[in-house]
$ cat coords.tsv   # TSV, C-alpha atoms and all ligand atoms
chain	number	residue	atom	x	y	z
A	1	MET	CA	-27.32	158.47	-93.62
A	2	PRO	CA	-23.55	158.25	-94.31
A	3	ASN	CA	-21.18	156.15	-92.22
A	4	ARG	CA	-23.77	153.97	-90.64
A	5	LYS	CA	-22.35	151.49	-88.16
A	6	THR	CA	-22.73	147.81	-88.89
A	7	ALA	CA	-23.75	145.48	-86.08
A	8	ILE	CA	-23.69	141.69	-86.11
A	9	VAL	CA	-25.98	140.07	-83.56
A	10	THR	CA	-25.56	136.31	-83.39
A	11	GLY	CA	-28.72	134.31	-82.71
A	12	SER	CA	-30.95	137.27	-83.52
A	13	THR	CA	-34.11	135.64	-84.88
A	14	SER	CA	-35.60	135.19	-81.42
A	15	GLY	CA	-35.69	136.49	-77.86
A	16	ILE	CA	-32.91	138.73	-76.57
A	17	GLY	CA	-30.90	138.75	-79.81
A	18	LEU	CA	-33.89	139.91	-81.83
A	19	ALA	CA	-34.57	142.70	-79.33
A	20	ILE	CA	-30.92	143.81	-79.47
A	21	ALA	CA	-31.00	143.78	-83.29
A	22	GLN	CA	-34.15	145.93	-83.25
A	23	ALA	CA	-32.74	148.33	-80.64
A	24	LEU	CA	-29.45	148.81	-82.54
A	25	ALA	CA	-31.41	149.33	-85.76
A	26	ALA	CA	-33.43	152.00	-83.93
A	27	GLN	CA	-30.06	153.72	-83.32
A	28	GLY	CA	-29.44	153.70	-87.07
A	29	CYS	CA	-27.10	150.71	-87.33
A	30	ASN	CA	-27.15	148.35	-90.28
A	31	ILE	CA	-27.84	144.90	-88.89
A	32	VAL	CA	-26.67	141.39	-89.65
A	33	VAL	CA	-29.36	139.02	-88.43
A	34	ASN	CA	-28.10	135.49	-87.79
A	35	SER	CA	-29.32	132.05	-86.92
A	36	PHE	CA	-28.54	128.55	-88.17
A	37	SER	CA	-31.88	127.75	-89.78
A	38	ASP	CA	-32.08	129.93	-92.94
A	39	THR	CA	-35.87	129.82	-93.22
A	40	ALA	CA	-38.19	132.25	-95.00
A	41	ASP	CA	-39.17	133.52	-91.52
A	42	ASP	CA	-35.52	134.30	-90.73
A	43	HIS	CA	-35.20	136.43	-93.87
A	44	ALA	CA	-38.56	138.08	-93.13
A	45	ILE	CA	-37.26	139.15	-89.71
A	46	ALA	CA	-34.27	140.89	-91.31
A	47	ASP	CA	-36.51	142.52	-93.94
A	48	ALA	CA	-38.95	143.77	-91.29
A	49	ILE	CA	-36.15	145.39	-89.28
A	50	ALA	CA	-34.87	147.13	-92.43
A	51	ARG	CA	-38.31	148.46	-93.32
A	52	HIS	CA	-39.24	149.54	-89.83
A	53	HIS	CA	-36.00	151.34	-89.00
A	54	GLU	CA	-34.95	152.44	-92.51
A	55	VAL	CA	-31.56	150.73	-92.22
A	56	LYS	CA	-29.92	147.99	-94.25
A	57	THR	CA	-30.08	144.46	-92.95
A	58	ALA	CA	-28.84	141.09	-94.13
A	59	TYR	CA	-29.76	137.67	-92.85
A	60	ILE	CA	-26.62	135.53	-92.80
A	61	LYS	CA	-26.91	131.87	-91.90
A	62	ALA	CA	-24.12	130.53	-89.73
A	63	ASP	CA	-24.15	127.66	-87.25
A	64	MET	CA	-22.42	129.02	-84.16
A	65	SER	CA	-21.39	125.51	-83.14
A	66	LYS	CA	-19.01	125.45	-86.13
A	67	PRO	CA	-15.80	127.52	-85.85
A	68	ALA	CA	-15.43	128.09	-89.61
A	69	GLU	CA	-19.03	129.33	-89.89
A	70	CYS	CA	-18.53	131.76	-86.98
A	71	ARG	CA	-15.55	133.30	-88.74
A	72	ALA	CA	-17.28	133.27	-92.14
A	73	LEU	CA	-20.24	135.15	-90.63
A	74	VAL	CA	-17.96	138.06	-89.73
A	75	GLU	CA	-16.21	138.00	-93.10
A	76	ARG	CA	-19.52	137.96	-94.99
A	77	ALA	CA	-20.86	140.82	-92.87
A	78	ALA	CA	-17.78	142.93	-93.68
A	79	LYS	CA	-18.11	142.12	-97.39
A	80	THR	CA	-21.81	143.02	-97.35
A	81	PHE	CA	-21.62	146.31	-95.43
A	82	GLY	CA	-17.92	147.33	-95.64
A	83	SER	CA	-17.24	147.21	-91.89
A	84	VAL	CA	-18.05	145.48	-88.63
A	85	ASP	CA	-18.33	148.08	-85.88
A	86	ILE	CA	-20.42	146.22	-83.31
A	87	LEU	CA	-20.35	142.51	-82.52
A	88	VAL	CA	-22.95	141.12	-80.14
A	89	ASN	CA	-22.30	137.50	-79.22
A	90	ASN	CA	-25.75	136.37	-78.18
A	91	ALA	CA	-26.49	132.93	-79.64
A	92	GLY	CA	-27.01	130.44	-76.88
A	93	ILE	CA	-28.69	127.19	-75.94
A	94	GLN	CA	-29.48	125.49	-72.66
A	95	HIS	CA	-29.83	121.97	-71.33
A	96	VAL	CA	-30.85	121.06	-67.80
A	97	ALA	CA	-29.74	117.76	-66.21
A	98	PRO	CA	-27.78	116.51	-63.20
A	99	VAL	CA	-24.04	116.59	-63.95
A	100	GLU	CA	-23.60	112.80	-63.77
A	101	GLU	CA	-26.37	112.33	-66.36
A	102	PHE	CA	-25.47	115.33	-68.51
A	103	PRO	CA	-25.32	114.13	-72.15
A	104	VAL	CA	-21.82	114.57	-73.58
A	105	GLU	CA	-23.16	115.91	-76.89
A	106	LYS	CA	-25.17	118.57	-75.02
A	107	TRP	CA	-22.08	119.59	-73.05
A	108	ASP	CA	-20.08	119.92	-76.26
A	109	ALA	CA	-22.83	121.88	-78.05
A	110	ILE	CA	-23.31	124.32	-75.16
A	111	ILE	CA	-19.58	125.00	-74.83
A	112	ALA	CA	-19.31	125.45	-78.62
A	113	ILE	CA	-22.33	127.75	-79.07
A	114	ASN	CA	-22.32	129.67	-75.77
A	115	LEU	CA	-18.54	130.11	-75.42
A	116	SER	CA	-16.27	129.07	-78.30
A	117	SER	CA	-18.37	130.86	-80.95
A	118	ALA	CA	-17.53	134.17	-79.28
A	119	PHE	CA	-13.82	133.38	-79.43
A	120	HIS	CA	-14.13	132.77	-83.17
A	121	THR	CA	-16.29	135.80	-84.03
A	122	ILE	CA	-14.14	138.09	-81.88
A	123	ALA	CA	-10.93	136.82	-83.47
A	124	ALA	CA	-12.38	137.47	-86.93
A	125	ALA	CA	-13.80	140.90	-86.03
A	126	ILE	CA	-10.74	142.39	-84.30
A	127	PRO	CA	-8.69	143.10	-87.46
A	128	LEU	CA	-11.76	144.80	-89.02
A	129	MET	CA	-12.40	146.90	-85.91
A	130	LYS	CA	-8.73	147.87	-85.66
A	131	GLN	CA	-8.80	148.91	-89.30
A	132	ALA	CA	-11.93	151.01	-88.65
A	133	GLY	CA	-10.29	152.70	-85.66
A	134	GLY	CA	-12.57	151.24	-83.00
A	135	GLY	CA	-15.46	148.97	-82.17
A	136	ARG	CA	-17.72	147.48	-79.57
A	137	ILE	CA	-17.98	143.86	-78.49
A	138	VAL	CA	-20.90	142.87	-76.25
A	139	ASN	CA	-21.17	139.32	-74.97
A	140	VAL	CA	-24.58	138.24	-73.72
A	141	ALA	CA	-23.52	136.19	-70.70
A	142	SER	CA	-25.94	135.56	-67.83
A	143	ALA	CA	-26.37	135.78	-64.09
A	144	HIS	CA	-24.99	132.25	-64.52
A	145	GLY	CA	-21.71	133.89	-65.58
A	146	LEU	CA	-21.41	135.08	-61.97
A	147	VAL	CA	-23.17	132.45	-59.87
A	148	ALA	CA	-24.25	128.82	-60.38
A	149	SER	CA	-27.49	126.89	-60.19
A	150	PRO	CA	-27.84	123.11	-60.00
A	151	PHE	CA	-28.43	121.04	-63.15
A	152	LYS	CA	-26.82	123.60	-65.50
A	153	SER	CA	-23.18	122.53	-65.43
A	154	ALA	CA	-22.39	123.20	-69.11
A	155	TYR	CA	-24.28	126.49	-69.26
A	156	VAL	CA	-22.71	127.82	-66.05
A	157	ALA	CA	-19.25	126.71	-67.19
A	158	ALA	CA	-19.71	128.38	-70.61
A	159	LYS	CA	-21.08	131.59	-69.12
A	160	HIS	CA	-18.29	131.83	-66.53
A	161	GLY	CA	-15.89	131.20	-69.43
A	162	ILE	CA	-17.30	134.06	-71.46
A	163	MET	CA	-16.78	136.42	-68.53
A	164	GLY	CA	-13.07	135.51	-68.60
A	165	LEU	CA	-12.91	135.93	-72.36
A	166	THR	CA	-14.59	139.34	-72.02
A	167	LYS	CA	-11.96	140.59	-69.57
A	168	THR	CA	-9.03	139.23	-71.57
A	169	VAL	CA	-10.21	140.73	-74.87
A	170	ALA	CA	-10.83	144.07	-73.12
A	171	LEU	CA	-7.26	144.18	-71.84
A	172	GLU	CA	-5.75	143.22	-75.20
A	173	LEU	CA	-7.70	145.88	-77.12
A	174	ALA	CA	-7.83	148.69	-74.57
A	175	ARG	CA	-5.55	150.93	-76.66
A	176	GLU	CA	-7.48	150.31	-79.89
A	177	LYS	CA	-10.74	152.09	-78.94
A	178	ILE	CA	-12.42	148.69	-78.90
A	179	THR	CA	-14.33	147.80	-75.76
A	180	CYS	CA	-15.47	144.35	-74.72
A	181	ASN	CA	-18.14	143.93	-72.06
A	182	ALA	CA	-20.76	141.42	-70.96
A	183	ILE	CA	-24.41	141.69	-70.06
A	184	CYS	CA	-25.64	139.34	-67.35
A	185	PRO	CA	-29.42	138.98	-67.54
A	186	GLY	CA	-31.47	137.16	-64.96
A	187	TYR	CA	-34.51	135.20	-66.12
A	188	VAL	CA	-36.07	136.58	-69.31
A	189	LEU	CA	-39.18	134.77	-70.58
A	190	THR	CA	-37.90	133.86	-74.06
A	191	PRO	CA	-38.26	130.56	-75.96
A	192	LEU	CA	-34.98	129.45	-74.34
A	193	VAL	CA	-36.51	129.75	-70.87
A	194	GLU	CA	-39.88	128.31	-71.93
A	195	ALA	CA	-38.04	125.24	-73.20
A	196	GLN	CA	-36.32	124.57	-69.90
A	197	ILE	CA	-39.49	124.66	-67.81
A	198	PRO	CA	-40.41	121.00	-68.58
A	199	ASP	CA	-36.83	119.87	-67.79
A	200	GLN	CA	-36.86	121.84	-64.54
A	201	MET	CA	-40.25	120.28	-63.71
A	202	LYS	CA	-38.70	116.85	-64.17
A	203	ALA	CA	-35.41	117.58	-62.40
A	204	ASN	CA	-37.11	119.27	-59.42
A	205	LYS	CA	-40.29	117.13	-59.47
A	206	MET	CA	-42.47	120.28	-59.56
A	207	ASP	CA	-45.37	121.60	-61.65
A	208	ARG	CA	-44.96	124.53	-64.06
A	209	GLU	CA	-46.20	127.28	-61.73
A	210	THR	CA	-44.00	126.02	-58.90
A	211	VAL	CA	-40.91	125.95	-61.15
A	212	ILE	CA	-41.56	129.55	-62.26
A	213	ARG	CA	-42.17	130.72	-58.68
A	214	GLU	CA	-39.69	128.63	-56.69
A	215	VAL	CA	-36.86	127.85	-59.14
A	216	MET	CA	-36.80	130.79	-61.55
A	217	LEU	CA	-38.26	133.87	-59.91
A	218	GLU	CA	-37.27	132.64	-56.47
A	219	LYS	CA	-33.81	133.99	-57.26
A	220	GLN	CA	-34.99	137.28	-58.71
A	221	PRO	CA	-35.80	139.64	-55.81
A	222	THR	CA	-38.15	141.73	-57.99
A	223	LYS	CA	-40.21	138.55	-58.59
A	224	GLU	CA	-40.62	139.61	-62.21
A	225	PHE	CA	-39.04	138.35	-65.41
A	226	VAL	CA	-36.55	140.75	-67.05
A	227	THR	CA	-37.81	141.92	-70.46
A	228	VAL	CA	-35.88	141.57	-73.70
A	229	GLU	CA	-36.16	145.35	-74.17
A	230	GLN	CA	-34.39	145.94	-70.84
A	231	VAL	CA	-31.48	143.74	-71.91
A	232	ALA	CA	-31.37	145.41	-75.33
A	233	ALA	CA	-31.20	148.87	-73.72
A	234	ALA	CA	-28.08	147.79	-71.81
A	235	ALA	CA	-26.52	146.62	-75.09
A	236	VAL	CA	-27.30	149.93	-76.79
A	237	PHE	CA	-25.69	151.78	-73.89
A	238	LEU	CA	-22.52	149.65	-74.05
A	239	CYS	CA	-22.31	150.45	-77.78
A	240	SER	CA	-22.70	154.20	-77.24
A	241	ASP	CA	-19.98	156.85	-77.00
A	242	ALA	CA	-20.94	157.36	-73.35
A	243	ALA	CA	-19.63	153.84	-72.61
A	244	ALA	CA	-16.18	154.37	-74.15
A	245	GLN	CA	-14.45	153.91	-70.78
A	246	ILE	CA	-16.54	150.93	-69.70
A	247	ASN	CA	-14.33	148.00	-70.54
A	248	GLY	CA	-13.82	144.43	-69.39
A	249	THR	CA	-16.78	144.42	-67.07
A	250	HIS	CA	-20.47	143.51	-67.03
A	251	ILE	CA	-23.88	145.02	-66.52
A	252	SER	CA	-26.25	142.83	-64.53
A	253	VAL	CA	-29.91	143.08	-65.59
A	254	ASP	CA	-31.18	140.56	-63.08
A	255	GLY	CA	-33.63	142.24	-60.72
A	256	GLY	CA	-31.05	142.00	-57.93
A	257	TRP	CA	-30.42	138.23	-58.19
A	258	THR	CA	-26.62	138.44	-57.90
A	259	ALA	CA	-26.73	141.02	-55.10
A	260	GLN	CA	-27.60	138.14	-52.77
B	1	LIG	P1	-33.75	132.13	-77.69
B	1	LIG	O1	-33.82	130.65	-77.72
B	1	LIG	O2	-35.00	132.93	-77.70
B	1	LIG	O3	-32.83	132.64	-78.89
B	1	LIG	C1	-31.62	132.02	-79.18
B	1	LIG	C2	-31.16	132.45	-80.53
B	1	LIG	O4	-29.92	131.79	-80.80
B	1	LIG	C3	-32.12	132.08	-81.66
B	1	LIG	O5	-32.12	133.10	-82.64
B	1	LIG	C4	-31.49	130.81	-82.23
B	1	LIG	O6	-31.80	130.61	-83.59
B	1	LIG	C5	-30.02	131.13	-82.04
B	1	LIG	N1	-29.19	129.95	-82.06
B	1	LIG	C6	-29.28	128.83	-81.31
B	1	LIG	N2	-28.34	127.95	-81.68
B	1	LIG	C7	-27.64	128.52	-82.68
B	1	LIG	C8	-26.56	128.09	-83.49
B	1	LIG	N3	-26.01	126.89	-83.35
B	1	LIG	N4	-26.10	128.95	-84.43
B	1	LIG	C9	-26.67	130.17	-84.61
B	1	LIG	N5	-27.69	130.61	-83.88
B	1	LIG	C10	-28.18	129.80	-82.92
B	1	LIG	O7	-32.85	132.47	-76.41
B	1	LIG	P2	-32.67	133.79	-75.53
B	1	LIG	O8	-33.28	133.53	-74.21
B	1	LIG	O9	-33.02	135.00	-76.28
B	1	LIG	O10	-31.08	133.73	-75.29
B	1	LIG	C11	-30.17	134.56	-75.96
B	1	LIG	C12	-28.91	134.65	-75.12
B	1	LIG	O11	-29.23	135.22	-73.85
B	1	LIG	C13	-28.26	133.30	-74.84
B	1	LIG	O12	-26.85	133.42	-74.91
B	1	LIG	C14	-28.69	133.00	-73.42
B	1	LIG	O13	-27.80	132.17	-72.75
B	1	LIG	C15	-28.69	134.40	-72.83
B	1	LIG	N6	-29.49	134.54	-71.63
B	1	LIG	C16	-30.84	134.27	-71.64
B	1	LIG	C17	-31.55	134.40	-70.47
B	1	LIG	C18	-33.02	134.13	-70.40
B	1	LIG	O14	-33.56	134.08	-69.29
B	1	LIG	N7	-33.71	133.99	-71.51
B	1	LIG	C19	-30.91	134.81	-69.27
B	1	LIG	C20	-29.56	135.06	-69.31
B	1	LIG	C21	-28.86	134.92	-70.48

$ encode --input "coords.tsv" --output "structure tokens"
Amino acid sequence: MPNRKTAIVTGSTSGIGLAIAQALAAQGCNIVVNSFSDTADDHAIADAIARHHEVKTAYIKADMSKPAECRALVERAAKTFGSVDILVNNAGIQHVAPVEEFPVEKWDAIIAINLSSAFHTIAAAIPLMKQAGGGRIVNVASAHGLVASPFKSAYVAAKHGIMGLTKTVALELAREKITCNAICPGYVLTPLVEAQIPDQMKANKMDRETVIREVMLEKQPTKEFVTVEQVAAAAVFLCSDAAAQINGTHISVDGGWTAQ
């Protein structure tokens, strides 16, 4: 197919990012799969997407905690496929601890990966999108971009920050046919959420089932986890022509959490 769009999805070897990469590939986009690990499994994920959806894919290693690697990811994607039409800033990590005990290195890593990386990839992608006559930027924020929860100071700060970045970029590029929006998922049962269950058990002095019921799904009125496919569908919509006038805002996929 001529003129395929190229989409970069940061942190796309797992969870939500992988589902977004697969869903954009299903729309016919060439996909840049990214993580920081560069394992045989990472490359196999990119190869499987290419085979399944008959698109081109490339696995590009870049550590989203490092500004130069964020920018190099975009440059390498453009060199590989000739354009960058869609940028999905998804890579993210979490750490759960009371603010007065929050490890400084965890704070710095969360701000770097969950917030600053998007600044760097966006800055590198804008000239390419302008040159191409348009583009789509989707930032995977969180319900925690809109409301807070205890013990997640760095994550909530980073996610609120990315909401501000989303709005600012949208205003700056509104005349360039480039939109910038956020998706705010509630709890999705990915490895990121699995990993925080033991910390939540410790911080709240609860067992696993109680954490899931009373800490996680307690906030989600549907009492169900969001699925990665539901988040990916929102990303596909924001990248579609139908969403051309949706700019500087967010779609919540949170089962009603932030309606409360
Ligand atoms: P996940 O742990 O399943 O996947 C995270 C991905 O990011 C992986 O591919 C990992 O390799 C990559 N990554 C981590 N650190 C990186 C780094 N330094 N450089 C490059 N890649 C890196 O997590 P997930 O739950 O799919 O989360 C994806 C995004 O969705 C995150 O931004 C997260 O904050 C957000 N989110 C998740 C939930 C949820 O409930 N799972 C809810 C709201 C928002």

$ residues_near_ligand --input "coords.tsv" --ligand "ligand LIG 1 (chain B)" --cutoff "7 Å" --atoms "only C-alpha atoms and all ligand atoms" --output "MDAnalysis selection string"
chainID A and resid 10:17 34:37 62:65 90:94 113:114 140:143 184:193

$ residues_around --input "coords.tsv" --residues "segment 157-162 of chain A" --least-positions-apart "3" --cutoff "10 Å" --atoms "all atoms listed in the file" --output "JSON, numbers by chain"
{"A": [89, 92, 107, 110, 111, 112, 113, 114, 115, 116, 118, 119, 139, 140, 141, 142, 143, 144, 145, 146, 147, 148, 152, 153, 154, 165, 166, 167, 168, 181, 182, 184]}

$ closest_residue --input "coords.tsv" --among "A:Thr39, A:Val138, A:Ile31, A:Met201" --to "Ile246 of chain A" --atoms "only C-alpha atoms"
A:Val138

$ residues_around --input "coords.tsv" --residues "Gly82 of chain A" --least-positions-apart "3" --cutoff "12 Å" --atoms "only C-alpha atoms" --output "list of chain:residue names"
A:Asn3, A:Arg4, A:Lys5, A:Thr6, A:Ala7, A:Asn30, A:Val74, A:Glu75, A:Arg76, A:Ala77, A:Ala78, A:Lys79, A:Asp85, A:Leu128, A:Met129, A:Gln131, A:Ala132

$ closest_residue --input "coords.tsv" --among "A:Ala232, A:Ala25, A:Ile126, A:Ile212" --to "Cys180 of chain A" --atoms "all atoms listed in the file"
A:Ile126

$ atom_distance --input "coords.tsv" --atom1 "atom CA of Gln230 of chain A" --atom2 "atom CA of Pro150 of chain A"
26.1 Å

$ residues_around --input "coords.tsv" --residues "Glu101 of chain A" --least-positions-apart "2" --cutoff "12 Å" --atoms "all atoms listed in the file" --output "list of chain:residue names"
A:His95, A:Val96, A:Ala97, A:Pro98, A:Val99, A:Pro103, A:Val104, A:Glu105, A:Lys106, A:Trp107, A:Phe151, A:Lys152, A:Ser153, A:Ala154, A:Ala203

$ atom_distance --input "coords.tsv" --atom1 "atom CA of Gly248 of chain A" --atom2 "atom CA of Tyr59 of chain A"
29.2 Å

$ atom_distance --input "coords.tsv" --atom1 "atom CA of Asp254 of chain A" --atom2 "atom CA of Val226 of chain A"
6.7 Å

$ build_atoms --input "coords.tsv" --residues "segment 86-114 of chain A" --atoms "N, CA and C atoms" --output "PDB file, keeping the file's coordinate frame"
ATOM      1  N   ILE A  86     -19.842 146.755 -84.551  1.00  0.00           N
ATOM      2  CA  ILE A  86     -20.420 146.220 -83.310  1.00  0.00           C
ATOM      3  C   ILE A  86     -20.613 144.719 -83.489  1.00  0.00           C
ATOM      4  N   LEU A  87     -20.142 143.970 -82.520  1.00  0.00           N
ATOM      5  CA  LEU A  87     -20.350 142.510 -82.520  1.00  0.00           C
ATOM      6  C   LEU A  87     -21.032 142.137 -81.220  1.00  0.00           C
ATOM      7  N   VAL A  88     -22.226 141.581 -81.336  1.00  0.00           N
ATOM      8  CA  VAL A  88     -22.950 141.120 -80.140  1.00  0.00           C
ATOM      9  C   VAL A  88     -23.010 139.594 -80.202  1.00  0.00           C
ATOM     10  N   ASN A  89     -22.292 138.968 -79.297  1.00  0.00           N
ATOM     11  CA  ASN A  89     -22.300 137.500 -79.220  1.00  0.00           C
ATOM     12  C   ASN A  89     -23.441 137.087 -78.300  1.00  0.00           C
ATOM     13  N   ASN A  90     -24.521 136.654 -78.923  1.00  0.00           N
ATOM     14  CA  ASN A  90     -25.750 136.370 -78.180  1.00  0.00           C
ATOM     15  C   ASN A  90     -26.228 134.931 -78.308  1.00  0.00           C
ATOM     16  N   ALA A  91     -25.933 134.270 -79.414  1.00  0.00           N
ATOM     17  CA  ALA A  91     -26.490 132.930 -79.640  1.00  0.00           C
ATOM     18  C   ALA A  91     -26.206 132.031 -78.432  1.00  0.00           C
ATOM     19  N   GLY A  92     -27.217 131.311 -78.029  1.00  0.00           N
ATOM     20  CA  GLY A  92     -27.010 130.440 -76.880  1.00  0.00           C
ATOM     21  C   GLY A  92     -28.094 129.380 -76.799  1.00  0.00           C
ATOM     22  N   ILE A  93     -27.733 128.266 -76.186  1.00  0.00           N
ATOM     23  CA  ILE A  93     -28.690 127.190 -75.940  1.00  0.00           C
ATOM     24  C   ILE A  93     -28.546 126.757 -74.476  1.00  0.00           C
ATOM     25  N   GLN A  94     -29.467 125.925 -74.056  1.00  0.00           N
ATOM     26  CA  GLN A  94     -29.480 125.490 -72.660  1.00  0.00           C
ATOM     27  C   GLN A  94     -29.820 124.004 -72.620  1.00  0.00           C
ATOM     28  N   HIS A  95     -29.347 123.319 -71.618  1.00  0.00           N
ATOM     29  CA  HIS A  95     -29.830 121.970 -71.330  1.00  0.00           C
ATOM     30  C   HIS A  95     -29.725 121.781 -69.818  1.00  0.00           C
ATOM     31  N   VAL A  96     -30.756 121.182 -69.258  1.00  0.00           N
ATOM     32  CA  VAL A  96     -30.850 121.060 -67.800  1.00  0.00           C
ATOM     33  C   VAL A  96     -30.833 119.575 -67.430  1.00  0.00           C
ATOM     34  N   ALA A  97     -29.825 119.154 -66.669  1.00  0.00           N
ATOM     35  CA  ALA A  97     -29.740 117.760 -66.210  1.00  0.00           C
ATOM     36  C   ALA A  97     -28.694 117.668 -65.106  1.00  0.00           C
ATOM     37  N   PRO A  98     -28.825 116.705 -64.211  1.00  0.00           N
ATOM     38  CA  PRO A  98     -27.780 116.510 -63.200  1.00  0.00           C
ATOM     39  C   PRO A  98     -26.436 116.205 -63.879  1.00  0.00           C
ATOM     40  N   VAL A  99     -25.350 116.651 -63.271  1.00  0.00           N
ATOM     41  CA  VAL A  99     -24.040 116.590 -63.950  1.00  0.00           C
ATOM     42  C   VAL A  99     -23.669 115.153 -64.326  1.00  0.00           C
ATOM     43  N   GLU A 100     -24.009 114.180 -63.472  1.00  0.00           N
ATOM     44  CA  GLU A 100     -23.600 112.800 -63.770  1.00  0.00           C
ATOM     45  C   GLU A 100     -24.416 112.181 -64.909  1.00  0.00           C
ATOM     46  N   GLU A 101     -25.547 112.822 -65.229  1.00  0.00           N
ATOM     47  CA  GLU A 101     -26.370 112.330 -66.360  1.00  0.00           C
ATOM     48  C   GLU A 101     -26.281 113.247 -67.556  1.00  0.00           C
ATOM     49  N   PHE A 102     -25.473 114.299 -67.467  1.00  0.00           N
ATOM     50  CA  PHE A 102     -25.470 115.330 -68.510  1.00  0.00           C
ATOM     51  C   PHE A 102     -24.960 114.730 -69.825  1.00  0.00           C
ATOM     52  N   PRO A 103     -25.766 114.758 -70.897  1.00  0.00           N
ATOM     53  CA  PRO A 103     -25.320 114.130 -72.150  1.00  0.00           C
ATOM     54  C   PRO A 103     -24.079 114.830 -72.714  1.00  0.00           C
ATOM     55  N   VAL A 104     -23.097 114.019 -73.106  1.00  0.00           N
ATOM     56  CA  VAL A 104     -21.820 114.570 -73.580  1.00  0.00           C
ATOM     57  C   VAL A 104     -22.048 115.486 -74.779  1.00  0.00           C
ATOM     58  N   GLU A 105     -22.956 115.083 -75.693  1.00  0.00           N
ATOM     59  CA  GLU A 105     -23.160 115.910 -76.890  1.00  0.00           C
ATOM     60  C   GLU A 105     -23.801 117.248 -76.541  1.00  0.00           C
ATOM     61  N   LYS A 106     -24.594 117.291 -75.470  1.00  0.00           N
ATOM     62  CA  LYS A 106     -25.170 118.570 -75.020  1.00  0.00           C
ATOM     63  C   LYS A 106     -24.088 119.450 -74.397  1.00  0.00           C
ATOM     64  N   TRP A 107     -23.213 118.835 -73.613  1.00  0.00           N
ATOM     65  CA  TRP A 107     -22.080 119.590 -73.050  1.00  0.00           C
ATOM     66  C   TRP A 107     -21.276 120.223 -74.176  1.00  0.00           C
ATOM     67  N   ASP A 108     -20.918 119.415 -75.164  1.00  0.00           N
ATOM     68  CA  ASP A 108     -20.080 119.920 -76.260  1.00  0.00           C
ATOM     69  C   ASP A 108     -20.782 121.037 -77.032  1.00  0.00           C
ATOM     70  N   ALA A 109     -22.088 120.872 -77.279  1.00  0.00           N
ATOM     71  CA  ALA A 109     -22.830 121.880 -78.050  1.00  0.00           C
ATOM     72  C   ALA A 109     -22.927 123.197 -77.272  1.00  0.00           C
ATOM     73  N   ILE A 110     -23.174 123.098 -75.971  1.00  0.00           N
ATOM     74  CA  ILE A 110     -23.310 124.320 -75.160  1.00  0.00           C
ATOM     75  C   ILE A 110     -21.972 125.064 -75.089  1.00  0.00           C
ATOM     76  N   ILE A 111     -20.895 124.338 -74.881  1.00  0.00           N
ATOM     77  CA  ILE A 111     -19.580 125.000 -74.830  1.00  0.00           C
ATOM     78  C   ILE A 111     -19.269 125.625 -76.192  1.00  0.00           C
ATOM     79  N   ALA A 112     -19.606 124.932 -77.271  1.00  0.00           N
ATOM     80  CA  ALA A 112     -19.310 125.450 -78.620  1.00  0.00           C
ATOM     81  C   ALA A 112     -20.133 126.709 -78.923  1.00  0.00           C
ATOM     82  N   ILE A 113     -21.442 126.637 -78.667  1.00  0.00           N
ATOM     83  CA  ILE A 113     -22.330 127.750 -79.070  1.00  0.00           C
ATOM     84  C   ILE A 113     -22.252 128.908 -78.078  1.00  0.00           C
ATOM     85  N   ASN A 114     -22.244 128.609 -76.783  1.00  0.00           N
ATOM     86  CA  ASN A 114     -22.320 129.670 -75.770  1.00  0.00           C
ATOM     87  C   ASN A 114     -20.957 130.281 -75.440  1.00  0.00           C
TER      88      ASN A 114
END
